[in-house]
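Chemist: Dropping in input19.csv, which is CSV, C-alpha atoms:
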chain,number,residue,atom,x,y,z
A,20,MET,CA,56.6,41.2,1.6
A,21,SER,CA,53.0,42.4,1.1
A,22,THR,CA,53.0,40.7,-2.4
A,23,VAL,CA,54.0,37.4,-0.9
A,24,LEU,CA,51.4,37.7,1.8
A,25,THR,CA,48.7,38.5,-0.8
A,26,LEU,CA,49.8,35.5,-2.9
A,27,ILE,CA,49.6,33.3,0.2
A,28,VAL,CA,46.1,34.5,1.0
A,29,VAL,CA,44.9,34.0,-2.6
A,30,LEU,CA,46.3,30.5,-2.7
A,31,ALA,CA,44.7,29.7,0.7
A,32,VAL,CA,41.3,31.0,-0.7
A,33,VAL,CA,41.7,28.9,-3.9
A,34,ALA,CA,42.6,25.8,-1.9
A,35,ALA,CA,39.6,26.3,0.4
A,36,VAL,CA,37.2,26.7,-2.6
A,37,VAL,CA,38.6,23.6,-4.3
A,38,TRP,CA,38.2,21.6,-1.1
A,39,LEU,CA,34.6,22.8,-0.6
A,40,VAL,CA,33.7,21.9,-4.2
A,41,ARG,CA,35.3,18.5,-3.9
A,42,ARG,CA,33.5,18.0,-0.5
A,43,HIS,CA,30.2,19.0,-2.0
A,44,ASN,CA,30.7,16.7,-5.0
A,45,ALA,CA,31.6,13.8,-2.7
A,46,ASP,CA,28.6,14.5,-0.5
A,47,SER,CA,26.3,14.7,-3.5
A,48,ALA,CA,27.7,11.4,-4.9
A,49,ASP,CA,27.2,9.7,-1.5
A,50,ALA,CA,23.6,11.0,-1.3
A,51,LEU,CA,22.8,9.8,-4.8
A,52,ALA,CA,24.4,6.4,-4.1
A,53,ASP,CA,22.4,6.0,-0.9
A,54,ALA,CA,19.2,7.0,-2.6
A,55,GLN,CA,19.8,4.6,-5.5
A,56,ALA,CA,20.5,1.8,-3.0
A,57,GLU,CA,17.3,2.5,-1.1
A,58,SER,CA,15.2,2.6,-4.4
A,59,ARG,CA,16.8,-0.5,-5.7
A,60,ARG,CA,16.0,-2.3,-2.4
A,61,TRP,CA,12.3,-1.5,-2.7
A,62,VAL,CA,12.2,-2.4,-6.4
A,63,GLU,CA,13.8,-5.7,-5.8
A,64,ARG,CA,11.4,-6.4,-2.9
A,65,LEU,CA,8.5,-5.7,-5.3
A,66,GLY,CA,9.9,-7.8,-8.0
A,67,GLY,CA,10.3,-10.8,-5.6
A,68,GLN,CA,6.7,-10.6,-4.6
A,69,VAL,CA,5.4,-10.2,-8.2
A,70,LEU,CA,7.4,-13.2,-9.3
A,71,ALA,CA,6.5,-15.4,-6.3
A,72,LEU,CA,2.7,-14.9,-6.3
A,73,THR,CA,0.0,-16.2,-8.6
A,74,GLY,CA,-3.5,-14.9,-8.3
A,75,THR,CA,-6.3,-17.4,-7.5
A,76,ASP,CA,-9.3,-15.2,-8.3
A,77,GLU,CA,-10.1,-12.2,-10.4
A,78,ALA,CA,-9.4,-9.7,-7.7
A,79,SER,CA,-5.9,-11.1,-6.8
A,80,ARG,CA,-5.0,-11.5,-10.5
A,81,GLN,CA,-5.9,-7.9,-11.3
A,82,ALA,CA,-4.0,-6.6,-8.2
A,83,LEU,CA,-0.9,-8.6,-9.2
A,84,ALA,CA,-1.2,-7.3,-12.8
A,85,ASP,CA,-1.2,-3.8,-11.4
A,86,ALA,CA,1.7,-4.6,-9.2
A,87,ALA,CA,3.7,-6.0,-12.2
A,88,GLU,CA,3.0,-2.8,-14.1
A,89,ARG,CA,4.4,-0.7,-11.3
A,90,TYR,CA,7.4,-3.0,-11.1
A,91,THR,CA,8.1,-2.5,-14.8
A,92,ALA,CA,7.7,1.3,-14.4
A,93,ALA,CA,9.9,1.4,-11.4
A,94,GLY,CA,12.6,-0.5,-13.2
A,95,SER,CA,12.5,1.9,-16.1
A,96,GLN,CA,12.6,4.8,-13.7
A,97,MET,CA,15.6,3.3,-11.9
A,98,GLU,CA,17.6,3.2,-15.1
A,99,GLN,CA,17.0,6.9,-15.7
A,100,ALA,CA,17.4,8.1,-12.1
A,101,ARG,CA,20.2,10.6,-11.8
A,102,THR,CA,19.2,12.6,-8.7
A,103,PRO,CA,17.9,11.8,-5.2
A,104,ALA,CA,14.6,13.3,-6.1
A,105,GLN,CA,14.2,10.9,-9.1
A,106,CYS,CA,15.2,8.0,-6.8
A,107,ARG,CA,12.4,9.0,-4.5
A,108,GLN,CA,10.0,8.8,-7.4
A,109,VAL,CA,11.3,5.3,-8.1
A,110,THR,CA,10.7,4.3,-4.4
A,111,GLU,CA,7.2,5.7,-4.4
A,112,THR,CA,6.4,3.7,-7.5
A,113,ALA,CA,7.7,0.6,-5.8
A,114,TYR,CA,5.6,1.4,-2.7
A,115,GLU,CA,2.5,1.6,-4.8
A,116,GLY,CA,3.3,-1.7,-6.4
A,117,LEU,CA,3.7,-3.3,-3.0
A,118,TYR,CA,0.3,-1.9,-1.9
A,119,TYR,CA,-1.2,-3.9,-4.8
A,120,VAL,CA,0.7,-6.9,-3.7
A,121,ARG,CA,-0.8,-6.5,-0.2
A,122,ALA,CA,-4.2,-6.2,-1.8
A,123,ALA,CA,-3.7,-9.4,-3.8
A,124,ARG,CA,-2.5,-11.3,-0.7
A,125,THR,CA,-5.6,-10.1,1.2
A,126,ALA,CA,-7.9,-11.2,-1.6
A,127,MET,CA,-6.3,-14.7,-1.5
A,128,GLY,CA,-6.7,-14.9,2.3
A,129,MET,CA,-3.0,-14.6,3.0
A,130,ASP,CA,-1.2,-12.5,5.5
A,131,PRO,CA,-0.7,-9.1,3.8
A,132,GLY,CA,2.8,-8.7,5.2
A,133,PRO,CA,4.4,-5.8,7.0
A,134,GLU,CA,2.9,-2.3,6.9
A,135,LEU,CA,4.3,0.0,4.1
A,136,PRO,CA,5.2,3.7,4.2
A,137,PRO,CA,2.3,5.9,3.2
A,138,LEU,CA,1.8,7.1,-0.3
A,139,PRO,CA,1.5,10.8,-1.1
A,140,GLY,CA,-2.1,11.9,-0.5
A,141,GLN,CA,-3.1,8.5,0.8
A,142,SER,CA,-4.1,9.5,4.3
A,143,ARG,CA,-6.0,12.6,3.0
A,144,ALA,CA,-8.0,10.4,0.6
A,145,GLY,CA,-9.2,8.0,3.3
A,146,GLU,CA,-10.7,4.7,2.5
A,147,VAL,CA,-13.9,3.1,1.3
A,148,THR,CA,-15.8,1.9,4.5
A,149,GLU,CA,-19.1,0.7,3.1
A,150,ASP,CA,-20.5,-1.0,0.1
A,151,ARG,CA,-21.9,1.4,-2.5
A,152,GLU,CA,-23.7,1.0,-5.8
A,153,ILE,CA,-24.4,4.0,-8.0
A,154,GLU,CA,-25.7,4.7,-11.5
A,155,VAL,CA,-23.8,7.4,-13.4
A,156,GLU,CA,-24.7,8.3,-17.0
A,157,GLY,CA,-26.1,4.9,-17.7
A,158,ARG,CA,-23.2,2.9,-16.0
A,159,SER,CA,-23.4,1.0,-12.8
A,160,LEU,CA,-20.4,1.4,-10.5
A,161,GLY,CA,-19.6,-0.2,-7.2
A,162,ALA,CA,-17.2,0.3,-4.4
A,163,SER,CA,-16.4,-1.9,-1.4
A,164,PRO,CA,-13.9,-2.0,1.5
A,165,ARG,CA,-13.1,-5.6,0.6
A,166,PRO,CA,-12.7,-7.6,-2.7
A,167,THR,CA,-15.8,-9.1,-4.1
A,168,ASP,CA,-16.8,-10.8,-7.4
A,169,ARG,CA,-18.2,-7.4,-8.4
A,170,ASN,CA,-15.5,-5.1,-7.0
A,171,SER,CA,-12.2,-6.6,-8.1
A,172,HIS,CA,-10.2,-3.5,-9.0
A,173,TYR,CA,-8.1,-2.1,-6.1
A,174,TYR,CA,-6.8,1.4,-5.7
A,175,PRO,CA,-4.4,2.1,-2.7
A,176,GLY,CA,-5.7,5.6,-2.2
A,177,GLY,CA,-4.2,9.0,-3.1
A,178,THR,CA,-4.8,12.1,-5.1
A,179,VAL,CA,-5.6,11.7,-8.8
A,180,ALA,CA,-5.6,14.9,-10.9
A,181,GLY,CA,-6.4,17.1,-7.9
A,182,ARG,CA,-9.0,14.9,-6.3
A,183,PRO,CA,-8.6,12.4,-3.4
A,184,VAL,CA,-9.6,8.9,-4.4
A,185,PRO,CA,-10.1,6.7,-1.3
A,186,ARG,CA,-8.4,3.3,-0.9
A,187,GLY,CA,-10.7,0.4,-1.7
A,188,TRP,CA,-12.0,-2.0,-4.2
A,189,TYR,CA,-14.1,-0.9,-7.2
A,190,SER,CA,-16.1,-2.5,-10.0
A,191,GLU,CA,-13.9,-0.9,-12.6
A,192,PRO,CA,-10.8,1.4,-12.6
A,193,TRP,CA,-12.7,4.6,-13.5
A,194,TRP,CA,-9.8,6.8,-12.2
A,195,LYS,CA,-7.3,5.6,-14.8
A,196,PRO,CA,-8.1,8.0,-17.6
A,197,ALA,CA,-7.5,10.9,-15.2
A,198,LEU,CA,-4.4,9.2,-13.9
A,199,VAL,CA,-3.1,9.0,-17.5
A,200,ALA,CA,-4.3,12.4,-18.8
A,201,GLY,CA,-3.8,14.4,-15.6
A,202,ALA,CA,-7.4,15.8,-15.9
A,203,TRP,CA,-10.9,14.6,-15.1
A,204,GLY,CA,-13.5,14.6,-17.8
A,205,VAL,CA,-17.1,15.7,-17.9
A,206,GLY,CA,-19.3,13.8,-15.5
A,207,SER,CA,-16.7,13.2,-12.9
A,208,ALA,CA,-18.3,15.7,-10.5
A,209,LEU,CA,-21.5,13.5,-10.4
A,210,LEU,CA,-19.4,10.4,-9.9
A,211,PHE,CA,-17.6,11.8,-6.8
A,212,THR,CA,-20.8,13.3,-5.4
A,213,SER,CA,-22.6,9.9,-5.7
A,214,LEU,CA,-19.8,7.6,-4.7
A,215,PHE,CA,-18.1,9.3,-1.8
A,216,SER,CA,-20.4,12.0,-0.3
A,217,GLY,CA,-21.1,11.2,3.4
A,218,MET,CA,-18.8,8.1,3.4
A,219,ALA,CA,-17.4,7.8,6.9
A,220,GLY,CA,-13.9,6.6,5.8
A,221,ALA,CA,-13.4,9.5,3.4
A,222,ASP,CA,-12.5,12.8,5.2
A,223,GLN,CA,-15.3,15.0,4.0
A,224,ALA,CA,-13.3,18.2,4.5
A,225,ALA,CA,-10.5,16.8,2.4
A,226,TYR,CA,-13.0,15.5,-0.1
A,227,ALA,CA,-14.6,18.9,-0.4
A,228,ASP,CA,-11.2,20.6,-0.9
A,229,GLY,CA,-10.1,18.0,-3.4
A,230,PHE,CA,-13.4,18.3,-5.3
A,231,ALA,CA,-12.9,22.1,-5.5
A,232,ASP,CA,-9.3,21.6,-6.7
A,233,GLY,CA,-10.4,19.0,-9.3
A,234,ALA,CA,-13.4,20.9,-10.4
A,235,ALA,CA,-11.2,23.3,-12.4
A,236,LEU,CA,-9.9,20.3,-14.3
A,237,ASP,CA,-13.3,19.8,-15.9
A,238,ASP,CA,-12.7,23.1,-17.8
A,239,PRO,CA,-12.2,22.1,-21.5
A,240,GLY,CA,-9.4,24.8,-21.6
A,241,PHE,CA,-7.3,22.9,-19.1
A,242,ASP,CA,-4.4,21.2,-20.9
A,243,GLY,CA,-4.0,18.3,-18.5
A,244,GLY,CA,-0.3,18.7,-18.0
A,245,VAL,CA,1.2,16.9,-15.1
A,246,ASP,CA,3.6,19.0,-13.0
A,247,GLY,CA,6.1,16.4,-11.9
A,248,ALA,CA,8.9,16.8,-9.3
A,249,ASP,CA,11.5,16.8,-12.1
A,250,PRO,CA,10.2,17.8,-15.6
A,251,GLY,CA,13.2,16.2,-17.2
A,252,PHE,CA,12.4,12.7,-15.8
A,253,ASP,CA,9.7,10.8,-17.7
A,254,GLY,CA,10.1,7.8,-15.5
A,255,GLY,CA,9.4,5.3,-18.2
A,256,PHE,CA,5.8,5.4,-17.1
A,257,ASP,CA,3.6,4.7,-20.1
A,258,GLY,CA,0.2,5.7,-19.0
A,259,GLY,CA,-1.5,4.0,-21.9
A,260,GLY,CA,-0.4,0.7,-20.5
A,261,LEU,CA,-2.6,1.2,-17.5
A,262,LEU,CA,-5.6,0.3,-19.5
A,263,ASP,CA,-4.2,-2.9,-21.0
A,264,ASN,CA,-5.3,-5.1,-18.1
A,265,ASP,CA,-8.9,-4.1,-18.5
A,266,SER,CA,-10.1,-4.9,-22.0
A,267,ASP,CA,-13.7,-4.1,-21.2
A,268,PHE,CA,-12.9,-0.7,-19.8
A,269,GLY,CA,-13.7,2.2,-22.1
A,270,GLY,CA,-10.8,4.8,-21.9
A,271,ASP,CA,-13.2,7.7,-22.7
A,272,PHE,CA,-15.3,7.2,-19.6
A,273,PHE,CA,-15.2,10.4,-17.5
Show me the file's structure as structure tokens.
Modeler:
Amino acid sequence: MSTVLTLIVVLAVVAAVVWLVRRHNADSADALADAQAESRRWVERLGGQVLALTGTDEASRQALADAAERYTAAGSQMEQARTPAQCRQVTETAYEGLYYVRAARTAMGMDPGPELPPLPGQSRAGEVTEDREIEVEGRSLGASPRPTDRNSHYYPGGTVAGRPVPRGWYSEPWWKPALVAGAWGVGSALLFTSLFSGMAGADQAAYADGFADGAALDDPGFDGGVDGADPGFDGGFDGGGLLDNDSDFGGDFF
């Protein structure tokens, strides 16, 4: 009798484990399907905007070119996404592209459209709130809260290689080498000090913290590796392509 009872207990335990495994697998599959559907929705929304709009000036054309690059990257990421975390990366790339679309619409005098979810580090980075012109190592750089003939390169705001870069319009995309390499070069400390110090829209405490974090990246011994959320997911993001839209931009600057 005890043998039969033991067998029943063992079978019950096995059945419970099998049920739990199947339930977990089903829940995981549902979570992935939901994440993929959400990502796909945002990528499609970005694609619709990119295909529907044509820039009318340098600022809007540049912003739409950046939006198109994010759309390409998000599509490549979508093809490789196998986890909810990877899907979130896809969604964030699409968000970023849509911020460029909003910038392009603003530059063309159009309604920018509905507000978007914030990007990582965006609120901490703040925004450009005043026109600035600086000279750094023989180069003249500008920043403005609005697009101008001089400042036609938009950045939606966020943390680049450990430092907060405020949302705004710039005379050239000086942050792109750090975005690609994951590290700031020599001379970046002077750029940040000159361009953002004392700016009302840039949280000075966050700026100081970010500057301290990023300062270590000027160390020649730093390898510039990017610590992604999932090291097995390259996202199809070819950083070298970031510079293709700016033929006059020297990739070795800072």
Chemist: As an exercise, work out the distance from CA of Leu72 in chain A to CA of Cys106 in chain A in Å and give it to one decimal place.
Modeler: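 Here the two named atoms are 26.1 Å from each other.
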Chemist: Would you mind reading off the distance between CA of Met127 in chain A and CA of Ser159 in chain A, one decimal, in Å?
Modeler: 25.8 Å
Chemist: Rounded to one decimal, what separation in Å do you get between CA of Met97 in chain A and CA of Arg64 in chain A?
Modeler: 13.9 Å
Chemist: From the options A:Ala100, A:Gly128, A:Val120, A:Pro175, which residue's atoms come nearest to Ala52 in chain A, counting only C-alpha atoms?
Modeler: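 Ranked by minimum distance to Ala52 in chain A, first place goes to A:Ala100.
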Chemist: Within 10 Å of (-11.2, 0.8, -1.8), in the coordinates the file gives, what residues turn up when you count all atoms listed in the file, written out as an MDAnalysis selection string?
Modeler: chainID A and resid 122 145:150 162:166 170:176 184:189 220
Chemist: Using all atoms listed in the file, give me every residue within 12 Å of (7.1, 7.0, 3.4) in file coordinates, as a list in words.
Modeler: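 The requested residues, written out, are Trp61, Arg107, Gln108, Thr110, Glu111, Thr112, Ala113, Tyr114, Glu115, Glu134, Leu135, Pro136, Pro137, Leu138, Pro139, Gly140, Gln141 and Ser142 of chain A.
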Chemist: With C-alpha atoms kept, could you save the residues just selected as a PDB file, in the frame of the given file?
Modeler:
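What landed in out23.pdb:
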ATOM      1  CA  TRP A  61      12.300  -1.500  -2.700  1.00  0.00           C
ATOM      2  CA  ARG A 107      12.400   9.000  -4.500  1.00  0.00           C
ATOM      3  CA  GLN A 108      10.000   8.800  -7.400  1.00  0.00           C
ATOM      4  CA  THR A 110      10.700   4.300  -4.400  1.00  0.00           C
ATOM      5  CA  GLU A 111       7.200   5.700  -4.400  1.00  0.00           C
ATOM      6  CA  THR A 112       6.400   3.700  -7.500  1.00  0.00           C
ATOM      7  CA  ALA A 113       7.700   0.600  -5.800  1.00  0.00           C
ATOM      8  CA  TYR A 114       5.600   1.400  -2.700  1.00  0.00           C
ATOM      9  CA  GLU A 115       2.500   1.600  -4.800  1.00  0.00           C
ATOM     10  CA  GLU A 134       2.900  -2.300   6.900  1.00  0.00           C
ATOM     11  CA  LEU A 135       4.300   0.000   4.100  1.00  0.00           C
ATOM     12  CA  PRO A 136       5.200   3.700   4.200  1.00  0.00           C
ATOM     13  CA  PRO A 137       2.300   5.900   3.200  1.00  0.00           C
ATOM     14  CA  LEU A 138       1.800   7.100  -0.300  1.00  0.00           C
ATOM     15  CA  PRO A 139       1.500  10.800  -1.100  1.00  0.00           C
ATOM     16  CA  GLY A 140      -2.100  11.900  -0.500  1.00  0.00           C
ATOM     17  CA  GLN A 141      -3.100   8.500   0.800  1.00  0.00           C
ATOM     18  CA  SER A 142      -4.100   9.500   4.300  1.00  0.00           C
TER      19      SER A 142
END
Chemist: If you count only C-alpha atoms, which residues fall within 7 Å of range 210-219 of chain A, apart from same-chain ones fewer than 6 positions away, as a tab-separated table (two decimals) with C-alpha atoms, keeping the file's coordinate frame?
Modeler:
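Done, and the output landed in around_16.tsv:
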chain	number	residue	atom	x	y	z
A	148	THR	CA	-15.80	1.90	4.50
A	151	ARG	CA	-21.90	1.40	-2.50
A	153	ILE	CA	-24.40	4.00	-8.00
A	155	VAL	CA	-23.80	7.40	-13.40
Chemist: Compile the contact shell of Val69 in chain A as JSON, numbers by chain: residues with an atom at most 9 Å away, counting all atoms listed in the file, same-chain residues fewer than 5 positions apart removed.
Modeler: {"A": [64, 83, 84, 86, 87, 90, 116, 117, 120]}
Chemist: Using only C-alpha atoms, please write the residues we just selected to a file, as a compact mmCIF listing (two decimals), in the coordinates of the input.
Modeler:
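Below you can see again-v1.txt, which holds the result:
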# COMPACT_ATOMS: atom_id res chain seq x y z
CA ARG A 64 11.40 -6.40 -2.90
CA LEU A 83 -0.90 -8.60 -9.20
CA ALA A 84 -1.20 -7.30 -12.80
CA ALA A 86 1.70 -4.60 -9.20
CA ALA A 87 3.70 -6.00 -12.20
CA TYR A 90 7.40 -3.00 -11.10
CA GLY A 116 3.30 -1.70 -6.40
CA LEU A 117 3.70 -3.30 -3.00
CA VAL A 120 0.70 -6.90 -3.70
Chemist: With distances taken over all atoms listed in the file, which residue among A:Arg143, A:Leu70, A:Ala78, A:Glu57 lies nearest Arg169 in chain A?
Modeler: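 Of A:Arg143, A:Leu70, A:Ala78, A:Glu57, the one nearest Arg169 in chain A, counting all atoms listed in the file, is A:Ala78.
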